[in-house]
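A.B. asks: Sharing coords.cif here; it has mmCIF, C-alpha atoms.
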```
data_data
#
loop_
_atom_site.label_atom_id
_atom_site.label_comp_id
_atom_site.auth_asym_id
_atom_site.auth_seq_id
_atom_site.Cartn_x
_atom_site.Cartn_y
_atom_site.Cartn_z
CA MET A 1 10.14 9.93 14.08
CA ASP A 2 13.51 11.54 14.37
CA SER A 3 15.70 13.25 16.99
CA GLY A 4 18.85 13.83 14.99
CA ILE A 5 20.85 13.04 11.87
CA GLY A 6 21.13 9.31 11.33
CA TYR A 7 18.63 8.43 14.05
CA ARG A 8 15.38 6.62 13.44
CA PHE A 9 12.80 5.46 15.95
CA HIS A 10 12.19 1.89 14.82
CA PRO A 11 11.49 -0.49 17.76
CA THR A 12 10.81 -4.17 17.19
CA ASP A 13 7.44 -5.77 17.89
CA GLU A 14 8.75 -7.17 21.17
CA GLU A 15 10.05 -3.75 22.25
CA LEU A 16 6.76 -2.09 21.37
CA VAL A 17 4.84 -4.59 23.49
CA ASN A 18 7.13 -5.45 26.39
CA HIS A 19 8.40 -1.90 26.95
CA TYR A 20 6.22 0.83 25.49
CA LEU A 21 2.74 -0.68 25.69
CA ARG A 22 3.30 -2.39 29.04
CA LEU A 23 4.62 0.76 30.72
CA LYS A 24 1.84 2.84 29.19
CA MET A 25 -0.82 0.57 30.59
CA LEU A 26 0.82 0.62 34.01
CA GLY A 27 0.70 4.42 34.04
CA TYR A 28 4.39 5.21 33.47
CA ASP A 29 3.70 7.85 30.82
CA HIS A 30 7.00 9.64 31.44
CA GLU A 31 8.87 6.47 30.42
CA VAL A 32 7.21 6.27 26.99
CA GLN A 33 7.12 9.88 25.82
CA GLU A 34 8.44 8.89 22.41
CA ILE A 35 4.91 7.85 21.40
CA PRO A 36 1.98 10.32 21.59
CA ASP A 37 -1.61 9.69 22.68
CA VAL A 38 -3.97 9.99 19.73
CA ASN A 39 -7.44 8.64 19.10
CA VAL A 40 -6.76 7.46 15.57
CA LEU A 41 -10.49 7.13 14.78
CA ASP A 42 -10.90 10.89 15.20
CA PHE A 43 -8.69 11.44 12.15
CA GLU A 44 -8.23 10.09 8.66
CA PRO A 45 -4.93 8.21 8.17
CA TRP A 46 -3.51 10.86 5.83
CA ASP A 47 -4.06 13.50 8.53
CA LEU A 48 -2.39 11.61 11.38
CA PRO A 49 1.25 12.28 10.33
CA HIS A 50 0.63 16.05 10.40
CA ILE A 51 -0.71 16.28 13.96
CA GLU A 52 1.66 18.21 16.24
CA HIS A 53 2.65 16.60 19.53
CA PRO A 54 4.59 19.07 21.69
CA GLU A 55 4.83 16.56 24.56
CA VAL A 56 6.70 13.97 22.47
CA VAL A 57 10.45 13.87 23.10
CA ILE A 58 11.20 12.58 19.58
CA SER A 59 10.11 14.98 16.86
CA TYR A 60 8.60 13.76 13.62
CA ASN A 61 10.66 13.59 10.45
CA PRO A 62 8.60 14.53 7.35
CA ASN A 63 10.54 11.91 5.37
CA ASP A 64 9.43 9.09 7.66
CA GLN A 65 6.76 6.70 6.44
CA VAL A 66 6.03 5.08 9.83
CA TRP A 67 4.20 6.67 12.75
CA TYR A 68 3.36 5.34 16.23
CA PHE A 69 0.42 6.21 18.50
CA PHE A 70 -1.11 5.11 21.77
CA CYS A 71 -4.84 4.91 21.25
CA PRO A 72 -7.59 4.42 23.87
CA ARG A 73 -9.55 1.34 22.93
CA LYS A 74 -13.00 2.14 21.52
CA TYR A 75 -15.95 -0.22 21.26
CA ARG A 76 -19.04 -0.15 19.07
CA ASN A 77 -21.24 0.32 22.12
CA SER A 78 -21.09 0.02 25.90
CA ASN A 79 -22.25 -3.61 25.87
CA SER A 80 -19.96 -4.79 23.09
CA HIS A 81 -16.38 -6.02 23.10
CA LYS A 82 -16.03 -5.51 19.35
CA ALA A 83 -13.66 -2.69 18.49
CA LYS A 84 -14.89 0.37 16.64
CA ARG A 85 -12.88 0.95 13.44
CA THR A 86 -14.76 3.64 11.50
CA THR A 87 -13.77 7.24 10.77
CA ASN A 88 -15.71 10.02 9.05
CA ALA A 89 -14.27 9.12 5.64
CA GLY A 90 -13.98 5.33 5.85
CA TYR A 91 -13.05 2.34 7.97
CA TRP A 92 -10.17 0.12 9.00
CA LYS A 93 -10.50 -3.53 7.96
CA VAL A 94 -8.62 -6.47 9.47
CA THR A 95 -6.82 -8.21 6.58
CA SER A 96 -5.04 -11.24 8.05
CA LYS A 97 -5.00 -13.64 10.98
CA ASP A 98 -4.03 -12.38 14.40
CA ARG A 99 -0.44 -13.05 15.47
CA LYS A 100 0.74 -13.56 19.03
CA ILE A 101 3.80 -11.73 20.30
CA ASN A 102 5.46 -13.43 23.28
CA GLU A 103 2.08 -14.38 24.73
CA ASN A 104 1.74 -10.73 25.79
CA CYS A 105 -0.03 -9.26 22.80
CA ILE A 106 -2.14 -9.95 19.75
CA LYS A 107 -1.07 -8.11 16.62
CA LYS A 108 -3.69 -7.24 14.01
CA ASN A 109 -3.01 -6.01 10.47
CA LEU A 110 -5.49 -3.50 9.07
CA VAL A 111 -6.00 -1.65 5.79
CA PHE A 112 -7.95 1.60 5.44
CA TYR A 113 -10.90 1.68 3.02
CA GLN A 114 -12.40 4.98 1.94
CA GLY A 115 -16.18 5.11 1.93
CA ARG A 116 -18.71 2.79 3.54
CA HIS A 117 -19.44 -0.93 3.17
CA LYS A 118 -17.49 -1.95 0.03
CA GLY A 119 -15.16 1.03 0.15
CA GLU A 120 -12.10 1.79 -1.96
CA LYS A 121 -8.90 0.24 -0.70
CA THR A 122 -6.09 2.71 0.07
CA ASN A 123 -2.33 2.39 0.62
CA TRP A 124 -2.67 3.15 4.33
CA ILE A 125 -2.02 0.18 6.62
CA MET A 126 -1.87 -0.10 10.38
CA HIS A 127 -0.52 -2.68 12.79
CA GLU A 128 -2.56 -2.74 15.99
CA TYR A 129 -0.97 -4.19 19.13
CA ASN A 130 -3.60 -5.43 21.58
CA PRO A 131 -2.19 -6.39 25.02
CA THR A 132 -3.15 -9.68 26.60
CA PHE A 133 -1.13 -9.39 29.82
CA ASN A 134 -3.13 -8.58 32.93
CA PHE A 135 -2.11 -6.07 35.59
CA PRO A 136 -4.42 -4.70 38.33
CA THR A 137 -3.58 -1.07 37.47
CA GLN A 138 -3.63 -1.37 33.71
CA ARG A 139 -5.42 1.09 31.43
CA ASP A 140 -7.19 0.19 28.21
CA PHE A 141 -4.81 1.16 25.40
CA VAL A 142 -3.68 -0.27 22.11
CA LEU A 143 -0.51 0.71 20.28
CA CYS A 144 -0.91 1.62 16.61
CA LYS A 145 1.83 1.59 13.97
CA LEU A 146 0.75 3.52 10.90
CA LYS A 147 2.41 3.09 7.50
CA LYS A 148 1.78 4.13 3.91
CA LYS A 149 2.73 1.64 1.22
CA PRO A 150 4.27 2.88 -2.06
CA ASP A 151 1.85 3.11 -4.96
CA ASP A 152 3.53 0.23 -6.81
CA SER A 153 3.82 -2.08 -3.81
CA ASP A 154 0.80 -4.13 -4.89
CA ASP A 155 2.94 -5.59 -7.69
CA MET A 156 5.39 -7.09 -5.23
CA PRO A 157 4.91 -10.10 -2.88
CA THR A 158 4.06 -9.13 0.70
CA LEU A 159 4.46 -10.85 4.05
CA ALA A 160 3.24 -10.00 7.52
CA GLU A 161 5.24 -7.27 9.22
CA GLY A 162 7.55 -8.65 11.87
CA ASP A 163 7.89 -12.08 10.23
CA GLN A 164 11.49 -13.16 9.95
CA SER A 165 11.15 -13.79 6.22
CA SER A 166 9.63 -10.40 5.39
CA THR A 167 13.04 -8.83 4.90
CA VAL A 168 16.38 -10.05 3.69
CA VAL A 169 19.42 -8.84 5.60
CA ALA A 170 22.71 -8.67 3.79
CA SER A 171 25.91 -8.20 5.77
CA ALA A 172 29.18 -6.96 4.31
CA SER A 173 32.55 -5.87 5.63
CA ALA A 174 34.30 -2.73 4.41
CA SER A 175 37.46 -1.24 5.99
CA GLY A 176 36.94 -3.43 9.03
CA ASN A 177 33.43 -2.12 9.62
CA ASN A 178 30.40 -4.38 9.43
CA ILE A 179 27.71 -2.94 7.25
CA THR A 180 24.22 -4.39 7.55
CA GLU A 181 21.79 -3.45 4.85
CA THR A 182 18.13 -4.40 4.76
CA LEU A 183 16.88 -4.88 1.23
CA SER A 184 13.21 -4.95 0.34
CA TYR A 185 11.88 -7.42 -2.19
CA LYS A 186 11.57 -4.59 -4.69
CA HIS A 187 15.24 -3.70 -4.33
CA ILE A 188 16.21 -7.36 -4.68
CA TRP A 189 14.15 -7.58 -7.87
CA ASN A 190 15.91 -4.50 -9.30
CA HIS A 191 19.32 -5.90 -8.39
CA LEU A 192 18.42 -9.22 -9.99
CA MET A 193 17.32 -7.58 -13.24
CA ALA A 194 20.52 -5.51 -13.38
CA SER A 195 22.60 -8.65 -12.74
CA MET A 196 20.81 -10.57 -15.48
CA LYS A 197 21.51 -7.73 -17.91
CA ARG A 198 25.21 -7.75 -17.02
CA ILE A 199 25.35 -11.54 -17.41
CA SER A 200 23.74 -11.27 -20.85
CA ILE A 201 26.30 -8.67 -21.97
CA LEU A 202 29.16 -10.71 -20.53
CA THR A 203 27.91 -13.90 -22.23
CA THR A 204 27.73 -12.15 -25.62
CA HIS A 205 31.22 -10.72 -25.16
CA CYS A 206 32.69 -14.06 -24.06
CA SER A 207 30.98 -15.87 -26.93
CA GLY A 208 32.67 -13.56 -29.43
CA ARG A 209 36.08 -14.00 -27.80
CA LEU A 210 35.64 -17.77 -27.67
CA THR A 211 34.85 -17.89 -31.41
CA ILE A 212 38.08 -16.00 -32.20
CA ILE A 213 40.14 -18.30 -29.96
CA ILE A 214 38.70 -21.44 -31.60
CA LYS A 215 39.34 -20.01 -35.08
CA ASN A 216 42.97 -19.14 -34.26
CA LEU A 217 43.49 -22.57 -32.70
CA HIS A 218 42.08 -24.25 -35.81
CA MET A 219 44.41 -22.21 -38.08
CA TYR A 220 47.37 -23.08 -35.84
CA LEU A 221 46.60 -26.79 -35.95
CA GLU A 222 46.20 -26.71 -39.76
CA GLY A 223 49.58 -25.04 -40.02
CA ARG A 224 51.22 -27.71 -37.84
CA CYS A 225 49.72 -30.46 -39.95
#
```
Kindly transcribe the structure held in the file into structure tokens.

C.D. replies:
Amino acid sequence: MDSGIGYRFHPTDEELVNHYLRLKMLGYDHEVQEIPDVNVLDFEPWDLPHIEHPEVVISYNPNDQVWYFFCPRKYRNSNSHKAKRTTNAGYWKVTSKDRKINENCIKKNLVFYQGRHKGEKTNWIMHEYNPTFNFPTQRDFVLCKLKKKPDDSDDMPTLAEGDQSSTVVASASASGNNITETLSYKHIWNHLMASMKRISILTTHCSGRLTIIIKNLHMYLEGRC
């Protein structure tokens, strides 16, 4: 989601719950216009990023790989409290333990599988924020954060989104300005491999220089003797 050069809509878990989801459930729709209302089960995950939302104050950036939606909660039937998670082409499957966010929400991690029963796993993942706070005027909504993982991400270690250890933040100072750069594990791996290559080259070079120095020192000592 984007509203200008250099701007990205990227709220934290706490901001999503304590601000956006809470106000939505209380009926303050005008305060949370950055996130559209979409029934995600009416669409396949690859179609959701292309839906137009004229009422949203932040327009979508085609380069973004994260999308947010308010979704009315759906159940399997009128007598059940189990959430419905199927679409026409597949289903969303919960993949890890629930995580509490400030006692106000339960966060679920889901992966989309194409087909029925033992479907084919896709790269589409979704974080579902289920509110646990109770207000007399609340509506029944969940907040969905949709993402698409890179094709090669399965080769890298993964951690739950929002965990403090899931990213590594490196801070630097240049011309008096603090620069904070978030590096993914994949980027760290690439930097490590490049560093190891440079160390190998440097070691070979230093070894050659050291051999010459020792040889010259040996000749010098022989001459003194």

A.B. asks: If the PyMOL selection byres ((chain A and resi 113-130) around 8) were run on this exact file, what residues would it hold? Put them as a list of chain:residue names.

C.D. replies: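 Here the PyMOL selection byres ((chain A and resi 113-130) around 8) matches A:Val17, A:Pro45, A:Trp46, A:Ala89, A:Gly90, A:Tyr91, A:Trp92, A:Lys93, A:Cys105, A:Ile106, A:Lys107, A:Lys108, A:Asn109, A:Leu110, A:Val111, A:Phe112, A:Pro131, A:Thr132, A:Phe141, A:Val142, A:Leu143, A:Cys144, A:Lys145, A:Leu146, A:Lys147, A:Lys148, A:Lys149, A:Pro150, A:Asp151.
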
A.B. asks: Might I get the box with edges along x, y and z of the file that holds all atoms of stretch 40-48 of chain A listed there, padded by 4 Å on every side, given as centre and edge lengths in Å to one decimal, as JSON?

C.D. replies:
```
{"center_x": -6.6, "center_y": 10.3, "center_z": 10.7, "size_x": 16.5, "size_y": 14.4, "size_z": 17.7}
```

A.B. asks: Which is closer to A:Phe133 than all the others in A:Leu23, A:Thr95, A:Asp29, A:Tyr75, using all atoms listed in the file?

C.D. replies: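 Residue with the minimum atom-to-atom distance to A:Phe133: A:Leu23.
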
A.B. asks: To one decimal in Å, tell me the separation between atom CA of A:Asp140 and atom CA of A:Met25.

C.D. replies: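 Atom CA of A:Asp140 sits 6.8 Å away from atom CA of A:Met25.
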
A.B. asks: So how far away is atom CA of A:Asn18 from atom CA of A:Lys74, in Å?

C.D. replies: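 Straight-line distance from atom CA of A:Lys74 to atom CA of A:Asn18 works out to 22.1 Å.
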